[in-house]
>>> print(open('my_file_23.cif').read())   # mmCIF, C-alpha atoms and all ligand atoms
data_entry
#
loop_
_atom_site.label_atom_id
_atom_site.label_comp_id
_atom_site.auth_asym_id
_atom_site.auth_seq_id
_atom_site.Cartn_x
_atom_site.Cartn_y
_atom_site.Cartn_z
CA MET A 1 -13.74 2.26 -26.99
CA ASP A 2 -10.57 2.83 -24.98
CA THR A 3 -10.65 0.35 -22.10
CA THR A 4 -7.12 0.90 -20.82
CA ARG A 5 -6.81 1.68 -17.13
CA HIS A 6 -3.90 4.09 -17.47
CA TYR A 7 -2.81 7.28 -19.18
CA LYS A 8 0.23 7.08 -21.44
CA ASN A 9 3.30 8.02 -19.42
CA HIS A 10 4.74 11.03 -21.23
CA PHE A 11 7.33 11.76 -18.57
CA GLU A 12 10.86 11.47 -19.87
CA ASP A 13 12.63 8.66 -18.01
CA TYR A 14 15.60 9.35 -15.75
CA SER A 15 18.79 10.96 -16.98
CA THR A 16 21.07 13.35 -15.08
CA SER A 17 20.00 16.21 -17.30
CA VAL A 18 16.20 15.81 -16.88
CA SER A 19 16.53 15.33 -13.15
CA HIS A 20 18.99 18.12 -12.34
CA ASN A 21 16.41 20.30 -10.54
CA ILE A 22 14.63 17.33 -8.93
CA ILE A 23 17.45 15.33 -7.37
CA GLU A 24 20.78 16.47 -5.99
CA ASN A 25 23.99 14.49 -6.56
CA ASN A 26 23.81 12.91 -3.14
CA CYS A 27 20.41 11.27 -3.77
CA MET A 28 18.51 13.95 -1.88
CA ILE A 29 15.48 15.79 -3.20
CA HIS A 30 16.58 19.13 -4.70
CA ASP A 31 15.45 22.22 -2.76
CA GLU A 32 13.59 23.48 -5.83
CA PHE A 33 11.46 20.31 -6.04
CA LYS A 34 11.06 20.29 -2.25
CA SER A 35 9.56 23.80 -2.42
CA LEU A 36 7.12 22.58 -5.06
CA LEU A 37 6.19 19.61 -2.88
CA THR A 38 5.65 21.85 0.14
CA LEU A 39 3.54 24.28 -1.86
CA GLU A 40 1.38 21.43 -3.12
CA ILE A 41 1.09 19.72 0.27
CA LYS A 42 -0.05 23.00 1.92
CA LYS A 43 -2.60 23.58 -0.84
CA LEU A 44 -4.00 20.04 -0.54
CA MET A 45 -4.01 20.26 3.27
CA LYS A 46 -6.08 23.46 3.00
CA THR A 47 -8.62 21.59 0.85
CA LEU A 48 -8.65 18.72 3.34
CA LYS A 49 -9.30 21.10 6.26
CA GLU A 50 -12.00 23.02 4.40
CA ASN A 51 -13.89 19.73 4.11
CA GLU A 52 -13.62 18.74 7.75
CA LYS A 53 -17.37 18.16 8.09
CA LYS A 54 -17.13 15.40 5.49
CA TRP A 55 -14.41 13.51 7.37
CA TYR A 56 -16.94 11.89 9.67
CA ASN A 57 -19.38 10.64 7.03
CA ASN A 58 -21.31 7.44 7.77
CA ASP A 59 -19.70 6.98 11.19
CA ASP A 60 -16.69 5.40 9.53
CA TYR A 61 -13.87 5.48 12.10
CA SER A 62 -11.51 3.16 10.25
CA VAL A 63 -7.95 3.86 9.14
CA TYR A 64 -8.83 2.72 5.63
CA THR A 65 -11.70 5.01 4.69
CA GLY A 66 -12.65 6.77 7.91
CA SER A 67 -11.54 9.56 10.22
CA ALA A 68 -8.75 7.51 11.88
CA GLY A 69 -6.89 7.45 8.56
CA ILE A 70 -7.28 11.20 8.13
CA ALA A 71 -5.98 11.67 11.69
CA PHE A 72 -2.94 9.63 10.73
CA THR A 73 -2.13 12.08 7.92
CA LEU A 74 -2.71 15.10 10.20
CA TYR A 75 -0.32 13.58 12.74
CA TYR A 76 2.31 12.89 10.07
CA TYR A 77 1.97 16.43 8.71
CA GLY A 78 2.22 17.91 12.21
CA LYS A 79 5.34 15.90 12.88
CA TYR A 80 6.96 16.81 9.57
CA TYR A 81 6.33 20.56 9.88
CA ASN A 82 6.66 20.55 13.68
CA ASP A 83 3.13 21.93 14.11
CA SER A 84 1.61 20.81 17.41
CA ALA A 85 -1.91 21.98 16.46
CA TYR A 86 -2.15 19.17 13.89
CA ILE A 87 -0.89 16.61 16.38
CA LYS A 88 -3.52 17.74 18.89
CA THR A 89 -6.33 17.54 16.30
CA ALA A 90 -5.15 14.07 15.27
CA THR A 91 -5.12 12.91 18.90
CA ASP A 92 -8.63 14.30 19.53
CA ILE A 93 -9.98 12.54 16.43
CA LEU A 94 -8.34 9.23 17.36
CA LYS A 95 -9.79 9.38 20.89
CA LYS A 96 -13.22 9.89 19.35
CA CYS A 97 -12.63 6.97 16.97
CA ALA A 98 -11.61 4.70 19.82
CA THR A 99 -14.75 5.53 21.82
CA ASN A 100 -17.05 5.14 18.86
CA PHE A 101 -15.47 1.93 17.61
CA LYS A 102 -16.19 0.31 20.95
CA SER A 103 -19.87 1.12 20.95
CA LYS A 104 -20.81 1.09 17.27
CA HIS A 105 -18.45 -0.64 14.95
CA LYS A 106 -18.97 -4.30 14.22
CA VAL A 107 -15.42 -5.56 13.82
CA THR A 108 -14.85 -6.11 17.52
CA PHE A 109 -14.67 -9.12 19.77
CA LEU A 110 -17.88 -8.21 21.61
CA THR A 111 -20.14 -7.08 18.80
CA GLY A 112 -18.50 -8.29 15.59
CA VAL A 113 -17.79 -11.55 13.83
CA VAL A 114 -14.45 -12.02 15.61
CA GLY A 115 -16.19 -12.77 18.92
CA PRO A 116 -18.46 -15.60 17.80
CA LEU A 117 -15.71 -17.10 15.64
CA ALA A 118 -13.22 -17.19 18.49
CA LEU A 119 -15.76 -18.52 20.99
CA ALA A 120 -16.91 -21.23 18.59
CA ALA A 121 -13.28 -22.23 18.02
CA VAL A 122 -12.69 -22.56 21.79
CA ILE A 123 -15.84 -24.66 22.28
CA LEU A 124 -15.06 -26.96 19.34
CA TYR A 125 -11.52 -27.39 20.62
CA SER A 126 -12.79 -28.31 24.10
CA GLN A 127 -15.03 -30.92 22.47
CA GLY A 128 -12.04 -32.42 20.65
CA LYS A 129 -13.36 -31.27 17.25
CA LYS A 130 -10.00 -29.99 16.14
CA GLU A 131 -10.65 -30.20 12.39
CA GLU A 132 -13.88 -28.23 12.61
CA MET A 133 -12.18 -25.68 14.84
CA GLU A 134 -9.36 -25.20 12.38
CA GLN A 135 -11.83 -24.38 9.64
CA LEU A 136 -12.89 -21.34 11.66
CA ILE A 137 -9.41 -19.89 12.15
CA PHE A 138 -7.66 -17.83 9.60
CA ASN A 139 -4.99 -20.03 8.75
CA GLY A 140 -2.96 -20.03 5.57
CA VAL A 141 -1.42 -23.48 6.16
CA SER A 142 -4.67 -25.36 6.64
CA TYR A 143 -6.42 -23.47 3.81
CA SER A 144 -3.57 -24.38 1.48
CA SER A 145 -3.47 -28.07 2.40
CA SER A 146 -7.22 -28.58 2.34
CA ASN A 147 -7.50 -26.87 -1.05
CA HIS A 148 -4.40 -28.56 -2.52
CA CYS A 149 -2.78 -25.21 -3.31
CA GLN A 150 0.62 -25.00 -4.95
CA SER A 151 1.75 -22.47 -2.37
CA PRO A 152 2.25 -23.77 1.21
CA LEU A 153 0.44 -20.66 2.41
CA MET A 154 -2.79 -19.45 0.82
CA TYR A 155 -5.80 -17.43 1.89
CA SER A 156 -9.19 -16.71 0.46
CA TRP A 157 -11.43 -13.67 0.68
CA HIS A 158 -14.91 -13.52 -0.86
CA ASP A 159 -14.20 -17.02 -2.22
CA LYS A 160 -11.19 -15.89 -4.25
CA GLU A 161 -7.51 -16.49 -3.66
CA TYR A 162 -6.27 -12.94 -4.05
CA ILE A 163 -2.62 -12.25 -4.80
CA GLY A 164 -2.00 -8.55 -4.17
CA GLY A 165 -0.90 -6.24 -1.37
CA ALA A 166 -4.27 -5.32 0.10
CA HIS A 167 -6.48 -8.38 -0.18
CA GLY A 168 -4.09 -11.17 -0.99
CA ILE A 169 -1.23 -13.42 -0.08
CA ALA A 170 1.36 -10.73 -0.92
CA GLY A 171 0.05 -8.55 1.90
CA VAL A 172 0.09 -11.43 4.37
CA LEU A 173 3.62 -12.43 3.34
CA TYR A 174 4.76 -8.82 3.72
CA LEU A 175 3.55 -8.71 7.30
CA LEU A 176 4.96 -12.16 8.08
CA LEU A 177 8.34 -11.11 6.69
CA GLN A 178 8.33 -8.05 8.91
CA ALA A 179 7.45 -10.27 11.88
CA ARG A 180 10.09 -12.88 10.91
CA HIS A 181 11.85 -12.61 14.29
CA TYR A 182 8.79 -14.22 15.86
CA LEU A 183 8.84 -17.13 13.39
CA THR A 184 10.84 -20.33 13.58
CA GLN A 185 13.46 -21.21 10.95
CA VAL A 186 11.23 -24.08 9.84
CA GLN A 187 8.29 -21.72 9.30
CA ILE A 188 10.51 -19.40 7.27
CA ASP A 189 12.13 -22.18 5.20
CA ASN A 190 9.10 -24.40 4.66
CA TYR A 191 6.31 -21.84 4.34
CA LEU A 192 7.45 -18.30 3.71
CA LYS A 193 10.20 -18.86 1.16
CA PRO A 194 8.36 -21.45 -0.98
CA SER A 195 5.31 -19.14 -1.02
CA LEU A 196 7.53 -16.38 -2.41
CA TYR A 197 8.88 -18.74 -5.09
CA TYR A 198 5.31 -19.74 -5.93
CA LEU A 199 4.35 -16.08 -6.32
CA GLN A 200 7.30 -15.42 -8.63
CA ARG A 201 5.96 -18.05 -11.02
CA LEU A 202 2.70 -16.11 -11.39
CA GLN A 203 4.37 -13.01 -12.85
CA PHE A 204 3.09 -12.17 -16.34
CA SER A 205 5.59 -11.52 -19.14
CA SER A 206 4.59 -7.83 -18.84
CA GLY A 207 5.94 -7.80 -15.27
CA ASN A 208 2.47 -7.49 -13.72
CA PHE A 209 0.64 -10.07 -11.57
CA PRO A 210 -2.90 -11.48 -11.69
CA SER A 211 -5.26 -10.17 -9.03
CA SER A 212 -6.34 -13.72 -8.06
CA THR A 213 -5.26 -17.28 -8.84
CA GLY A 214 -6.48 -18.58 -12.18
CA ASN A 215 -7.34 -15.08 -13.41
CA PRO A 216 -5.49 -14.46 -16.70
CA SER A 217 -6.33 -10.75 -16.84
CA ASP A 218 -3.31 -8.42 -16.88
CA LYS A 219 -5.27 -5.29 -16.09
CA LEU A 220 -4.79 -3.92 -12.59
CA ILE A 221 -1.56 -2.08 -11.70
CA GLN A 222 -2.34 -0.83 -8.21
CA TRP A 223 -0.91 -1.20 -4.72
CA CYS A 224 -3.94 -3.31 -3.75
CA HIS A 225 -3.86 -5.58 -6.83
CA GLY A 226 -0.93 -6.24 -9.14
CA ALA A 227 2.69 -5.26 -9.55
CA PRO A 228 3.05 -2.23 -7.20
CA GLY A 229 2.19 -4.01 -3.93
CA ILE A 230 4.12 -7.10 -4.98
CA SER A 231 7.20 -5.06 -5.82
CA ILE A 232 7.23 -3.80 -2.22
CA LEU A 233 7.04 -7.41 -0.97
CA PHE A 234 9.93 -8.59 -3.15
CA CYS A 235 12.11 -5.64 -2.16
CA LEU A 236 11.78 -6.78 1.44
CA ALA A 237 12.22 -10.45 0.49
CA TYR A 238 15.48 -9.50 -1.24
CA LYS A 239 16.65 -7.55 1.80
CA VAL A 240 15.93 -10.50 4.09
CA PHE A 241 17.10 -13.45 1.94
CA GLU A 242 19.58 -11.74 -0.42
CA ASP A 243 18.25 -13.81 -3.31
CA ASN A 244 18.87 -11.82 -6.51
CA THR A 245 15.84 -13.29 -8.23
CA PHE A 246 13.64 -11.53 -5.63
CA LEU A 247 15.14 -8.18 -6.62
CA GLU A 248 14.66 -9.03 -10.31
CA THR A 249 10.97 -9.70 -9.66
CA ALA A 250 10.64 -6.37 -7.84
CA ILE A 251 12.41 -4.49 -10.64
CA ARG A 252 10.19 -6.01 -13.33
CA CYS A 253 7.17 -4.91 -11.28
CA GLY A 254 8.70 -1.43 -11.18
CA GLU A 255 9.08 -1.27 -14.96
CA VAL A 256 5.45 -2.10 -15.66
CA THR A 257 4.35 0.33 -12.93
CA TRP A 258 6.34 3.14 -14.60
CA GLU A 259 4.81 2.22 -17.96
CA ARG A 260 1.19 1.73 -16.90
CA GLY A 261 0.94 3.23 -13.42
CA LEU A 262 -0.58 6.65 -14.15
CA LEU A 263 -4.06 5.38 -13.50
CA LYS A 264 -7.30 6.77 -14.85
CA LYS A 265 -8.99 5.61 -11.66
CA GLY A 266 -7.29 8.39 -9.73
CA TYR A 267 -4.64 9.32 -7.23
CA SER A 268 -5.24 7.19 -4.14
CA ILE A 269 -2.64 5.15 -2.29
CA CYS A 270 -4.79 2.01 -2.58
CA HIS A 271 -5.63 1.97 -6.29
CA GLY A 272 -4.14 5.15 -7.69
CA VAL A 273 -1.02 7.02 -8.68
CA ALA A 274 0.21 7.88 -5.16
CA GLY A 275 0.17 4.19 -4.15
CA ASN A 276 2.05 3.32 -7.32
CA GLY A 277 4.62 6.01 -6.50
CA TYR A 278 5.55 4.02 -3.38
CA THR A 279 6.82 1.25 -5.70
CA PHE A 280 9.67 3.53 -6.75
CA ILE A 281 10.36 4.71 -3.21
CA TYR A 282 10.89 1.09 -2.07
CA LEU A 283 12.99 0.24 -5.14
CA PHE A 284 15.09 3.32 -4.42
CA GLN A 285 15.50 2.39 -0.75
CA GLN A 286 16.59 -1.10 -1.74
CA THR A 287 18.84 -0.40 -4.73
CA LYS A 288 19.90 3.24 -4.05
CA ASP A 289 19.43 3.72 -7.80
CA VAL A 290 18.50 7.37 -8.27
CA LYS A 291 16.38 6.47 -11.31
CA TYR A 292 13.70 5.21 -8.93
CA LEU A 293 13.79 8.34 -6.82
CA TYR A 294 13.32 10.37 -9.98
CA ARG A 295 10.35 8.19 -10.98
CA ALA A 296 8.75 8.63 -7.54
CA CYS A 297 9.13 12.41 -7.98
CA LYS A 298 7.43 12.27 -11.38
CA PHE A 299 4.48 10.36 -9.93
CA ALA A 300 4.38 12.99 -7.16
CA GLU A 301 4.39 15.69 -9.85
CA TRP A 302 1.38 13.98 -11.46
CA CYS A 303 -0.40 14.35 -8.10
CA PHE A 304 0.24 18.13 -8.19
CA HIS A 305 -2.72 18.25 -10.56
CA TYR A 306 -4.90 16.45 -8.05
CA GLY A 307 -8.36 15.69 -9.40
CA SER A 308 -7.73 16.74 -12.99
CA HIS A 309 -6.79 13.32 -14.40
CA GLN A 310 -9.32 10.81 -13.17
CA ASN A 311 -12.41 9.18 -14.57
CA ARG A 312 -14.23 8.95 -11.24
CA CYS A 313 -14.34 10.56 -7.83
CA PRO A 314 -13.44 8.32 -4.86
CA ASP A 315 -16.33 7.12 -2.69
CA ARG A 316 -14.57 8.56 0.40
CA PRO A 317 -12.75 11.51 -1.22
CA PHE A 318 -10.85 12.70 1.88
CA SER A 319 -9.83 9.33 3.30
CA LEU A 320 -6.36 7.84 3.71
CA PHE A 321 -6.69 4.92 1.32
CA GLU A 322 -9.12 6.22 -1.31
CA GLY A 323 -8.66 9.95 -1.17
CA LEU A 324 -6.81 13.14 -0.43
CA ALA A 325 -5.30 12.27 2.97
CA GLY A 326 -3.32 9.44 1.37
CA VAL A 327 -2.02 11.65 -1.42
CA ILE A 328 -0.80 14.24 1.10
CA TYR A 329 0.88 11.41 3.03
CA PHE A 330 2.67 10.24 -0.13
CA LEU A 331 3.88 13.77 -0.98
CA LEU A 332 5.23 14.15 2.58
CA ASP A 333 7.04 10.83 2.17
CA VAL A 334 8.64 11.88 -1.12
CA GLN A 335 10.30 14.75 0.78
CA GLN A 336 12.13 12.24 2.96
CA PRO A 337 12.47 9.17 0.71
CA HIS A 338 15.03 7.37 2.87
CA LEU A 339 12.53 7.21 5.73
CA ALA A 340 9.32 6.80 3.76
CA LYS A 341 6.96 3.93 4.58
CA PHE A 342 3.61 3.00 3.10
CA PRO A 343 1.17 4.12 5.83
CA THR A 344 -0.09 1.45 8.25
CA TYR A 345 1.46 -1.35 6.13
CA ASP A 346 5.08 -0.97 7.04
CA ILE A 347 5.68 -1.47 10.74
N1 LIG B 1 -14.34 2.44 -3.31
C1 LIG B 1 -13.17 2.68 -4.14
C2 LIG B 1 -12.98 4.19 -4.35
O1 LIG B 1 -13.96 4.94 -4.33
O2 LIG B 1 -11.83 4.60 -4.54
C3 LIG B 1 -13.33 2.00 -5.49
C4 LIG B 1 -13.22 0.48 -5.37
C5 LIG B 1 -11.91 -0.05 -5.93
O3 LIG B 1 -11.29 0.53 -6.80
N2 LIG B 1 -11.48 -1.19 -5.43
C6 LIG B 1 -10.22 -1.74 -5.84
C7 LIG B 1 -10.30 -2.45 -7.17
O4 LIG B 1 -9.29 -2.75 -7.75
C8 LIG B 1 -9.76 -2.74 -4.80
S1 LIG B 1 -9.42 -1.99 -3.23
N3 LIG B 1 -11.45 -2.76 -7.68
C9 LIG B 1 -11.60 -3.56 -8.87
C10 LIG B 1 -11.36 -2.86 -10.18
O5 LIG B 1 -10.97 -1.69 -10.24
O6 LIG B 1 -11.55 -3.53 -11.22
#
>>> encode(input="my_file_23.cif", output="structure tokens", more="lines below")
Ligand code: GSH
Amino acid sequence: MDTTRHYKNHFEDYSTSVSHNIIENNCMIHDEFKSLLTLEIKKLMKTLKENEKKWYNNDDYSVYTGSAGIAFTLYYYGKYYNDSAYIKTATDILKKCATNFKSKHKVTFLTGVVGPLALAAVILYSQGKKEEMEQLIFNGVSYSSSNHCQSPLMYSWHDKEYIGGAHGIAGVLYLLLQARHYLTQVQIDNYLKPSLYYLQRLQFSSGNFPSSTGNPSDKLIQWCHGAPGISILFCLAYKVFEDNTFLETAIRCGEVTWERGLLKKGYSICHGVAGNGYTFIYLFQQTKDVKYLYRACKFAEWCFHYGSHQNRCPDRPFSLFEGLAGVIYFLLDVQQPHLAKFPTYDI
């Protein structure tokens, strides 16, 4: 039985001759490929709109799988094509999400777990029970020291120390790096940088990363788990620290993503081909090497056949992170690769 997670990548790799009608000399997307992207985006947007009733399934108002994420794509589309109707629809949906989150959703201070956790922390602190209080706070430093981790920062979720962009330390480090101007030099030197060096040591010889510590499986090549999300982190780390080894790590992630990134699981930005396409966009932004822009275009081209190469349908088929809205977002981003940013992750 074939248990591989990816299709064989039959795309020819970059050369000036194969890319002549995809990329122009000046690293811009060729008008011919742009027309194809636009055609595809409009077709997929039509499908998205035809399924509007399904956007609001299960009262999910989140950016990840709910209507707020779809609104984000509508807004981005409206901005790109200068179409105010989409911006208005997006605003109306987001207002509805905000109202409904307050009254129904559980991840709030008043009705969700955040409230009791924060209140308990305050009470324990006032009683001088600092250690107990610290156990309640999300804190990578204390988790790492109390669990004797090799990285000065570490986090756990569902009792696992995840590594990747969505659930793991790579995602946290990515946000901390973006917020570096709010950190002290000591925090950067003693926590952030050594955590990056620790992560580098986990890279498999294939270029991929484990999904959690101690897990030897080299299986998942997705933005959420494995090389793609980590490549994005190390591109930024290279930009900030100018350490060549960070760029080398990111490039090795890019190679394995090109080789094994056309996933059977589907097209999503979280664990599918569109998310993996962002790997090449970030490598292109960092290195200006047109090879990566070409590769991003080929992953976009794969998405032109949306739905035809996948072994399952997403649970939330129209959502930003699992479904169609995210794929449209990626195709819009490929049209303007210098400005592209992974939605809601890059601030
Ligand atoms: N609910 C998701 C969908 O319908 O698209 C599927 C769940 C999923 O793929 N989760 C990701 C994953 O890697 C993490 S966000 N799962 C483990 C696996 O594929 O082995």
>>> closest_atom_pairs(input="my_file_23.cif", of="chain A", to="ligand LIG 1 (chain B)", cutoff="12 Å", atoms="only C-alpha atoms and all ligand atoms", output="JSON lines")
{"residue": "A:Thr3", "atom": "CA", "partner": "B:LIG1", "partner_atom": "O6", "distance": 11.6}
{"residue": "A:Thr4", "atom": "CA", "partner": "B:LIG1", "partner_atom": "O6", "distance": 11.5}
{"residue": "A:Arg5", "atom": "CA", "partner": "B:LIG1", "partner_atom": "O5", "distance": 8.7}
{"residue": "A:His6", "atom": "CA", "partner": "B:LIG1", "partner_atom": "O5", "distance": 11.6}
{"residue": "A:Tyr64", "atom": "CA", "partner": "B:LIG1", "partner_atom": "S1", "distance": 10.1}
{"residue": "A:Thr65", "atom": "CA", "partner": "B:LIG1", "partner_atom": "N1", "distance": 8.8}
{"residue": "A:Tyr162", "atom": "CA", "partner": "B:LIG1", "partner_atom": "C8", "distance": 10.8}
{"residue": "A:Ile163", "atom": "CA", "partner": "B:LIG1", "partner_atom": "C8", "distance": 11.9}
{"residue": "A:Gly164", "atom": "CA", "partner": "B:LIG1", "partner_atom": "C8", "distance": 9.7}
{"residue": "A:Gly165", "atom": "CA", "partner": "B:LIG1", "partner_atom": "S1", "distance": 9.7}
{"residue": "A:Ala166", "atom": "CA", "partner": "B:LIG1", "partner_atom": "S1", "distance": 7.0}
{"residue": "A:His167", "atom": "CA", "partner": "B:LIG1", "partner_atom": "S1", "distance": 7.7}
{"residue": "A:Gly168", "atom": "CA", "partner": "B:LIG1", "partner_atom": "S1", "distance": 10.8}
{"residue": "A:Pro210", "atom": "CA", "partner": "B:LIG1", "partner_atom": "O4", "distance": 11.5}
{"residue": "A:Ser211", "atom": "CA", "partner": "B:LIG1", "partner_atom": "O4", "distance": 8.5}
{"residue": "A:Ser212", "atom": "CA", "partner": "B:LIG1", "partner_atom": "O4", "distance": 11.4}
{"residue": "A:Ser217", "atom": "CA", "partner": "B:LIG1", "partner_atom": "O6", "distance": 10.5}
{"residue": "A:Asp218", "atom": "CA", "partner": "B:LIG1", "partner_atom": "O6", "distance": 11.1}
{"residue": "A:Lys219", "atom": "CA", "partner": "B:LIG1", "partner_atom": "O6", "distance": 8.1}
{"residue": "A:Leu220", "atom": "CA", "partner": "B:LIG1", "partner_atom": "O4", "distance": 6.7}
{"residue": "A:Ile221", "atom": "CA", "partner": "B:LIG1", "partner_atom": "O4", "distance": 8.7}
{"residue": "A:Gln222", "atom": "CA", "partner": "B:LIG1", "partner_atom": "O4", "distance": 7.2}
{"residue": "A:Trp223", "atom": "CA", "partner": "B:LIG1", "partner_atom": "S1", "distance": 8.7}
{"residue": "A:Cys224", "atom": "CA", "partner": "B:LIG1", "partner_atom": "S1", "distance": 5.7}
{"residue": "A:His225", "atom": "CA", "partner": "B:LIG1", "partner_atom": "O4", "distance": 6.2}
{"residue": "A:Gly226", "atom": "CA", "partner": "B:LIG1", "partner_atom": "O4", "distance": 9.2}
{"residue": "A:Gly229", "atom": "CA", "partner": "B:LIG1", "partner_atom": "S1", "distance": 11.8}
{"residue": "A:Leu263", "atom": "CA", "partner": "B:LIG1", "partner_atom": "O5", "distance": 10.4}
{"residue": "A:Lys264", "atom": "CA", "partner": "B:LIG1", "partner_atom": "O5", "distance": 10.3}
{"residue": "A:Lys265", "atom": "CA", "partner": "B:LIG1", "partner_atom": "O3", "distance": 7.4}
{"residue": "A:Gly266", "atom": "CA", "partner": "B:LIG1", "partner_atom": "O2", "distance": 7.9}
{"residue": "A:Tyr267", "atom": "CA", "partner": "B:LIG1", "partner_atom": "O2", "distance": 9.0}
{"residue": "A:Ser268", "atom": "CA", "partner": "B:LIG1", "partner_atom": "O2", "distance": 7.1}
{"residue": "A:Ile269", "atom": "CA", "partner": "B:LIG1", "partner_atom": "O2", "distance": 9.5}
{"residue": "A:Cys270", "atom": "CA", "partner": "B:LIG1", "partner_atom": "S1", "distance": 6.2}
{"residue": "A:His271", "atom": "CA", "partner": "B:LIG1", "partner_atom": "O3", "distance": 5.9}
{"residue": "A:Gly272", "atom": "CA", "partner": "B:LIG1", "partner_atom": "O2", "distance": 8.3}
{"residue": "A:Val273", "atom": "CA", "partner": "B:LIG1", "partner_atom": "O2", "distance": 11.8}
{"residue": "A:Gly275", "atom": "CA", "partner": "B:LIG1", "partner_atom": "S1", "distance": 11.4}
{"residue": "A:Gln310", "atom": "CA", "partner": "B:LIG1", "partner_atom": "O2", "distance": 10.9}
{"residue": "A:Asn311", "atom": "CA", "partner": "B:LIG1", "partner_atom": "O2", "distance": 11.0}
{"residue": "A:Arg312", "atom": "CA", "partner": "B:LIG1", "partner_atom": "O1", "distance": 8.0}
{"residue": "A:Cys313", "atom": "CA", "partner": "B:LIG1", "partner_atom": "O1", "distance": 6.6}
{"residue": "A:Pro314", "atom": "CA", "partner": "B:LIG1", "partner_atom": "O1", "distance": 3.5}
{"residue": "A:Asp315", "atom": "CA", "partner": "B:LIG1", "partner_atom": "O1", "distance": 3.6}
{"residue": "A:Arg316", "atom": "CA", "partner": "B:LIG1", "partner_atom": "O1", "distance": 6.0}
{"residue": "A:Pro317", "atom": "CA", "partner": "B:LIG1", "partner_atom": "O1", "distance": 7.4}
{"residue": "A:Phe318", "atom": "CA", "partner": "B:LIG1", "partner_atom": "O2", "distance": 10.4}
{"residue": "A:Ser319", "atom": "CA", "partner": "B:LIG1", "partner_atom": "O2", "distance": 9.4}
{"residue": "A:Leu320", "atom": "CA", "partner": "B:LIG1", "partner_atom": "O2", "distance": 10.4}
{"residue": "A:Phe321", "atom": "CA", "partner": "B:LIG1", "partner_atom": "O2", "distance": 7.8}
{"residue": "A:Glu322", "atom": "CA", "partner": "B:LIG1", "partner_atom": "O2", "distance": 4.5}
{"residue": "A:Gly323", "atom": "CA", "partner": "B:LIG1", "partner_atom": "O2", "distance": 7.1}
{"residue": "A:Leu324", "atom": "CA", "partner": "B:LIG1", "partner_atom": "O2", "distance": 10.7}
{"residue": "A:Gly326", "atom": "CA", "partner": "B:LIG1", "partner_atom": "O2", "distance": 11.4}
>>> closest_residue(input="my_file_23.cif", among="A:Tyr329, A:Tyr292, A:Trp258, A:Phe11", to="Gly207 of chain A", atoms="only C-alpha atoms")
A:Trp258
>>> closest_residue(input="my_file_23.cif", among="A:Ser84, A:Asp289, A:Asn208, A:Asn276", to="Trp302 of chain A", atoms="only C-alpha atoms")
A:Asn276
>>> closest_residue(input="my_file_23.cif", among="A:Gln178, A:Lys8, A:Lys88, A:Gly254", to="Asp346 of chain A", atoms="only C-alpha atoms")
A:Gln178
>>> residues_around(input="my_file_23.cif", residues="Gln150 of chain A", least_positions_apart="2", cutoff="10 Å", atoms="all atoms listed in the file", output="CSV table (one decimal) with C-alpha atoms, in the coordinates of the input")
chain,number,residue,atom,x,y,z
A,144,SER,CA,-3.6,-24.4,1.5
A,145,SER,CA,-3.5,-28.1,2.4
A,147,ASN,CA,-7.5,-26.9,-1.0
A,148,HIS,CA,-4.4,-28.6,-2.5
A,152,PRO,CA,2.2,-23.8,1.2
A,153,LEU,CA,0.4,-20.7,2.4
A,154,MET,CA,-2.8,-19.4,0.8
A,194,PRO,CA,8.4,-21.4,-1.0
A,195,SER,CA,5.3,-19.1,-1.0
A,198,TYR,CA,5.3,-19.7,-5.9
A,199,LEU,CA,4.4,-16.1,-6.3
>>> closest_residue(input="my_file_23.cif", among="A:Lys53, A:Met45, A:Ala300, A:Gln185", to="Tyr76 of chain A", atoms="all atoms listed in the file")
A:Met45
>>> closest_residue(input="my_file_23.cif", among="A:Tyr77, A:Tyr125, A:Phe330, A:Tyr143", to="Phe342 of chain A", atoms="only C-alpha atoms")
A:Phe330
>>> atom_distance(input="my_file_23.cif", atom1="atom CA of Val63 of chain A", atom2="atom CA of Ile281 of chain A")
22.1 Å
>>> closest_residue(input="my_file_23.cif", among="A:Gly307, A:Ser156, A:Asp2, A:Asp243", to="Ser142 of chain A", atoms="all atoms listed in the file")
A:Ser156
>>> residues_around(input="my_file_23.cif", residues="segment 16-20 of chain A", least_positions_apart="3", cutoff="12 Å", atoms="all atoms listed in the file", output="list of chain:residue names")
A:Phe11, A:Glu12, A:Asp13, A:Ile23, A:Glu24, A:Asn25, A:Asn26, A:Cys27, A:Met28, A:Ile29, A:His30, A:Asp31, A:Glu32, A:Phe33, A:Val290, A:Lys291, A:Tyr292, A:Leu293, A:Tyr294, A:Arg295, A:Ala296, A:Cys297, A:Lys298
>>> residues_around(input="my_file_23.cif", residues="Phe209 of chain A", least_positions_apart="3", cutoff="6 Å", atoms="only C-alpha atoms", output="PDB file with C-alpha atoms, keeping the file's coordinate frame")
ATOM      1  CA  GLN A 203       4.370 -13.010 -12.850  1.00  0.00           C
ATOM      2  CA  PHE A 204       3.090 -12.170 -16.340  1.00  0.00           C
ATOM      3  CA  GLY A 226      -0.930  -6.240  -9.140  1.00  0.00           C
ATOM      4  CA  ALA A 227       2.690  -5.260  -9.550  1.00  0.00           C
TER       5      ALA A 227
END
>>> residues_near_point(input="my_file_23.cif", point="(8.5, -19.2, 7.6)", cutoff="12 Å", atoms="all atoms listed in the file", output="VMD selection string")
chain A and resid 140 to 141 152 to 153 172 to 196 237 240 to 241
>>> atom_distance(input="my_file_23.cif", atom1="atom CA of Gln286 of chain A", atom2="atom CA of Leu247 of chain A")
8.7 Å
